[in-house]
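Comments concern the structure below.
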Amino acid sequence: MAEPIARDFLTLPEGLPIPEDDGAARHLAGRRLPDLALPATDGAKVNLAELAGRTVIYVYPRTGRPGEPLPEGWDAIPGARGCTPQSCGFRDHFEALKALGVARVYGLSTQDTAYQREAAERLHLPFAILSDADLRLTRALDLPTFTVAGMTLLKRMAWVVDAAVITKVFYPVFPPDRNAAEVVAWLWGQRGAEA
């Protein structure tokens, strides 16, 4: 039986399974980002090892396209559904993140740049999405993944990166539409702790 065609990617269906912390991201805090240049939806190549200042990178499995079917069993995979709401959350909190000292925001998935560009334009994202379609970053950092319909996809998370070092990891992320607000709240708390 074919999976239903998703018509509304902005609304999360009720009853989605909640991802559990499987420990697959515990090794990331304190890791330096590797010397890799990833293609971005704005046409740039972003070398992660050269990121200065503070960056927020949110990681997601894959965005869907209106009118196209979801991978079979998508909504039954804990943490899979919600890439569009997560992206829109970072879009909607973009100014708040900048006000908290974030120099740049990036999305990251294993989809190719052309696919990502359609989503970035459709969602009016004020930041670029990075592609790890060849899985170089995924392998270099041993990022948590899952496989569906022959695709290797990243498990959802978000990182605060300072001078190319991951200083905070949000994992697992649920619900995804609140991830950006969670990052903003953490940054506010850090600001208070530094005062």
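Chain labels run A, B, ... following the order of the structure tokens; each chain numbers its residues from 1, and ligands are numbered from 1 in the order shown.
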Give me, as a Markdown table, the closest atom pair and its distance (Å, one decimal) for every residue of segment 111-158 of chain A within a cut-off of 9 Å of segment 38-57 of chain A, counting only C-alpha atoms, rows sorted by chain and rising number.
```
| residue | atom | partner | partner_atom | distance |
| --- | --- | --- | --- | --- |
| A:Asp112 | CA | A:Pro39 | CA | 8.8 |
| A:Thr113 | CA | A:Thr41 | CA | 5.8 |
| A:Ala114 | CA | A:Thr41 | CA | 7.5 |
| A:Gln116 | CA | A:Thr41 | CA | 6.6 |
| A:Arg117 | CA | A:Thr41 | CA | 5.1 |
| A:Glu118 | CA | A:Thr41 | CA | 8.9 |
| A:Ala120 | CA | A:Thr41 | CA | 7.4 |
| A:Phe127 | CA | A:Asp42 | CA | 8.2 |
| A:Ala128 | CA | A:Thr41 | CA | 5.3 |
| A:Ile129 | CA | A:Thr41 | CA | 5.4 |
| A:Leu130 | CA | A:Ala40 | CA | 4.5 |
| A:Ser131 | CA | A:Pro39 | CA | 5.7 |
| A:Asp132 | CA | A:Leu38 | CA | 6.6 |
| A:Leu137 | CA | A:Leu38 | CA | 8.5 |
| A:Met157 | CA | A:Ile57 | CA | 8.6 |
| A:Ala158 | CA | A:Ile57 | CA | 5.7 |
```
Writing out the chosen residues with C-alpha atoms as a JSON list (two decimals), in the first residue's frame:
```json
[["chain", "number", "residue", "atom", "x", "y", "z"],
["A", 112, "ASP", "CA", 21.28, 17.04, -2.43],
["A", 113, "THR", "CA", 21.52, 20.81, -2.84],
["A", 114, "ALA", "CA", 18.97, 21.03, -5.66],
["A", 116, "GLN", "CA", 17.22, 21.43, -0.51],
["A", 117, "ARG", "CA", 17.07, 24.62, -2.60],
["A", 118, "GLU", "CA", 13.41, 23.97, -3.46],
["A", 120, "ALA", "CA", 14.64, 26.77, 1.18],
["A", 127, "PHE", "CA", 19.78, 31.13, 5.84],
["A", 128, "ALA", "CA", 21.38, 28.38, 3.76],
["A", 129, "ILE", "CA", 20.97, 24.63, 4.06],
["A", 130, "LEU", "CA", 24.09, 22.48, 3.83],
["A", 131, "SER", "CA", 24.19, 19.18, 1.97],
["A", 132, "ASP", "CA", 26.04, 16.10, 3.18],
["A", 137, "LEU", "CA", 30.52, 14.82, 7.45],
["A", 157, "MET", "CA", 19.41, 17.29, 16.37],
["A", 158, "ALA", "CA", 20.76, 20.83, 16.73]]
```
Contacts of Leu100 of chain A at 9 Å or less, counting only C-alpha atoms, minus same-chain residues fewer than 4 places along, as an mmCIF file with C-alpha atoms, in the first residue's frame?
```cif
data_model
loop_
_atom_site.group_PDB
_atom_site.id
_atom_site.type_symbol
_atom_site.label_atom_id
_atom_site.label_comp_id
_atom_site.auth_asym_id
_atom_site.auth_seq_id
_atom_site.Cartn_x
_atom_site.Cartn_y
_atom_site.Cartn_z
ATOM 1 C CA GLU A 95 16.265 37.407 14.422
ATOM 2 C CA ALA A 96 16.161 36.260 18.062
ATOM 3 C CA VAL A 184 16.924 30.341 22.007
ATOM 4 C CA LEU A 187 21.266 30.744 24.669
ATOM 5 C CA TRP A 188 19.344 33.113 26.965
ATOM 6 C CA ARG A 191 23.836 34.757 28.604
#
```
Checklist line | For Gly82 of chain A: contacts at 7 Å, only C-alpha atoms, fewer than 4 positions along chain excluded, given as a ChimeraX atom specification | finding: /A:12,86,176-177
Restricting it to C-alpha atoms, dump the selection as a PDB file, in the first residue's frame.
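Written file, again-v5.pdb:
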```
ATOM      1  CA  LEU A  12       2.551  17.603  12.938  1.00  0.00           C
ATOM      2  CA  GLN A  86      11.762  22.539  12.447  1.00  0.00           C
ATOM      3  CA  PRO A 176      10.692  19.428  16.115  1.00  0.00           C
ATOM      4  CA  ASP A 177       8.624  22.597  15.786  1.00  0.00           C
TER       5      ASP A 177
END
```
Review point. Taking the backbone alone, and naming residues the way the document does, which bits of chain A are strand (DSSP E) by DSSP, as a PyMOL selection string?
Key: chain A and resi 37-39+45-47+54-59+102-109+128-131+145-148+151-154+157-162+165-170
Preceding selection exported with N, CA and C atoms as a CSV table (one decimal), in the first residue's frame:
```
chain,number,residue,atom,x,y,z
A,37,ALA,N,34.3,21.1,3.1
A,37,ALA,CA,33.5,22.1,2.5
A,37,ALA,C,32.2,21.5,2.0
A,38,LEU,N,31.1,22.0,2.6
A,38,LEU,CA,29.8,21.4,2.2
A,38,LEU,C,29.1,22.4,1.2
A,39,PRO,N,28.4,21.9,0.2
A,39,PRO,CA,27.7,22.8,-0.7
A,39,PRO,C,26.4,23.4,0.1
A,45,LYS,N,30.3,27.3,-0.8
A,45,LYS,CA,30.8,26.1,-0.2
A,45,LYS,C,31.2,26.5,1.2
A,46,VAL,N,30.7,25.9,2.3
A,46,VAL,CA,30.9,26.2,3.6
A,46,VAL,C,31.9,25.3,4.3
A,47,ASN,N,33.1,25.8,4.6
A,47,ASN,CA,34.1,24.9,5.3
A,47,ASN,C,33.8,25.0,6.8
A,54,ARG,N,29.9,32.3,16.7
A,54,ARG,CA,28.9,31.3,17.1
A,54,ARG,C,27.9,31.0,15.9
A,55,THR,N,27.7,29.7,15.7
A,55,THR,CA,26.9,29.2,14.6
A,55,THR,C,25.9,28.2,15.2
A,56,VAL,N,24.7,28.2,14.7
A,56,VAL,CA,23.7,27.2,15.1
A,56,VAL,C,23.4,26.4,13.8
A,57,ILE,N,23.6,25.1,14.0
A,57,ILE,CA,23.3,24.1,12.9
A,57,ILE,C,22.2,23.2,13.4
A,58,TYR,N,21.1,23.2,12.6
A,58,TYR,CA,20.1,22.2,13.0
A,58,TYR,C,20.1,21.1,11.9
A,59,VAL,N,20.0,19.9,12.4
A,59,VAL,CA,20.2,18.7,11.5
A,59,VAL,C,18.8,18.0,11.4
A,102,VAL,N,24.3,34.9,17.6
A,102,VAL,CA,24.6,33.8,16.6
A,102,VAL,C,24.9,34.5,15.3
A,103,ALA,N,26.1,34.2,14.8
A,103,ALA,CA,26.5,34.9,13.6
A,103,ALA,C,25.9,34.3,12.3
A,104,ARG,N,25.6,33.0,12.4
A,104,ARG,CA,25.0,32.3,11.3
A,104,ARG,C,24.2,31.1,11.7
A,105,VAL,N,23.2,30.7,10.9
A,105,VAL,CA,22.3,29.6,11.1
A,105,VAL,C,22.4,28.7,9.8
A,106,TYR,N,22.5,27.4,10.0
A,106,TYR,CA,22.5,26.5,8.8
A,106,TYR,C,21.6,25.4,9.2
A,107,GLY,N,20.8,24.9,8.2
A,107,GLY,CA,20.2,23.6,8.2
A,107,GLY,C,21.2,22.6,7.6
A,108,LEU,N,21.0,21.3,7.9
A,108,LEU,CA,21.9,20.3,7.4
A,108,LEU,C,21.1,19.0,7.2
A,109,SER,N,21.2,18.4,6.0
A,109,SER,CA,20.6,17.1,5.7
A,109,SER,C,21.5,16.4,4.7
A,128,ALA,N,21.1,29.5,4.7
A,128,ALA,CA,21.4,28.4,3.8
A,128,ALA,C,21.2,27.0,4.4
A,129,ILE,N,21.0,26.0,3.6
A,129,ILE,CA,21.0,24.6,4.1
A,129,ILE,C,22.2,24.0,3.4
A,130,LEU,N,22.9,23.2,4.3
A,130,LEU,CA,24.1,22.5,3.8
A,130,LEU,C,23.8,21.0,3.5
A,131,SER,N,24.4,20.6,2.4
A,131,SER,CA,24.2,19.2,2.0
A,131,SER,C,25.4,18.3,2.3
A,145,THR,N,22.3,8.0,12.3
A,145,THR,CA,21.5,8.0,11.1
A,145,THR,C,20.5,6.9,11.2
A,146,PHE,N,19.6,6.9,10.2
A,146,PHE,CA,18.7,5.7,10.0
A,146,PHE,C,18.5,5.6,8.5
A,147,THR,N,18.0,4.4,8.1
A,147,THR,CA,17.8,4.2,6.7
A,147,THR,C,16.4,3.9,6.4
A,148,VAL,N,15.9,4.5,5.3
A,148,VAL,CA,14.5,4.3,4.9
A,148,VAL,C,14.5,4.4,3.4
A,151,MET,N,17.5,5.3,1.5
A,151,MET,CA,18.2,6.6,1.9
A,151,MET,C,18.8,6.5,3.2
A,152,THR,N,20.1,7.0,3.4
A,152,THR,CA,20.7,7.2,4.7
A,152,THR,C,20.4,8.6,5.1
A,153,LEU,N,19.7,8.7,6.2
A,153,LEU,CA,19.2,10.0,6.7
A,153,LEU,C,19.7,10.3,8.1
A,154,LEU,N,20.0,11.5,8.4
A,154,LEU,CA,20.5,11.9,9.7
A,154,LEU,C,19.3,12.0,10.7
A,157,MET,N,18.7,16.7,15.2
A,157,MET,CA,19.4,17.3,16.4
A,157,MET,C,19.7,18.7,16.0
A,158,ALA,N,20.3,19.5,17.0
A,158,ALA,CA,20.8,20.8,16.7
A,158,ALA,C,22.0,21.0,17.5
A,159,TRP,N,22.9,21.8,17.0
A,159,TRP,CA,24.2,22.1,17.6
A,159,TRP,C,24.4,23.6,17.8
A,160,VAL,N,25.0,24.0,18.9
A,160,VAL,CA,25.6,25.3,19.0
A,160,VAL,C,27.1,25.1,18.8
A,161,VAL,N,27.6,25.9,17.9
A,161,VAL,CA,29.0,25.7,17.5
A,161,VAL,C,29.7,27.0,17.8
A,162,ASP,N,30.8,27.0,18.5
A,162,ASP,CA,31.6,28.2,18.8
A,162,ASP,C,33.0,28.0,18.2
A,165,VAL,N,33.8,24.5,17.1
A,165,VAL,CA,33.7,23.4,18.1
A,165,VAL,C,32.3,23.3,18.5
A,166,ILE,N,31.7,22.1,18.5
A,166,ILE,CA,30.4,21.9,19.0
A,166,ILE,C,30.3,22.0,20.5
A,167,THR,N,29.6,23.1,21.0
A,167,THR,CA,29.6,23.3,22.4
A,167,THR,C,28.3,22.8,23.1
A,168,LYS,N,27.3,22.6,22.3
A,168,LYS,CA,26.0,22.2,22.9
A,168,LYS,C,25.3,21.3,21.8
A,169,VAL,N,24.8,20.2,22.2
A,169,VAL,CA,24.0,19.3,21.3
A,169,VAL,C,22.6,19.1,21.9
A,170,PHE,N,21.6,19.3,21.1
A,170,PHE,CA,20.2,19.1,21.4
A,170,PHE,C,19.9,17.8,20.7
```
*asked:* Given only C-alpha atoms as the basis, pick out the residue of A:Arg122, A:Arg178, A:Arg62, A:Arg139 nearest to Gly89 of chain A.
replied: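 The shortest atom-to-atom distance to Gly89 of chain A comes from A:Arg178.
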Taking only C-alpha atoms into account, name the residue in A:Gly30, A:Ala163, A:Ala24, A:Arg156 that is nearest to Pro78 of chain A.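 Closest candidate: A:Arg156.
The spacing separating atom CA of Arg65 of chain A from atom CA of Ser87 of chain A amounts to 13.6 Å.
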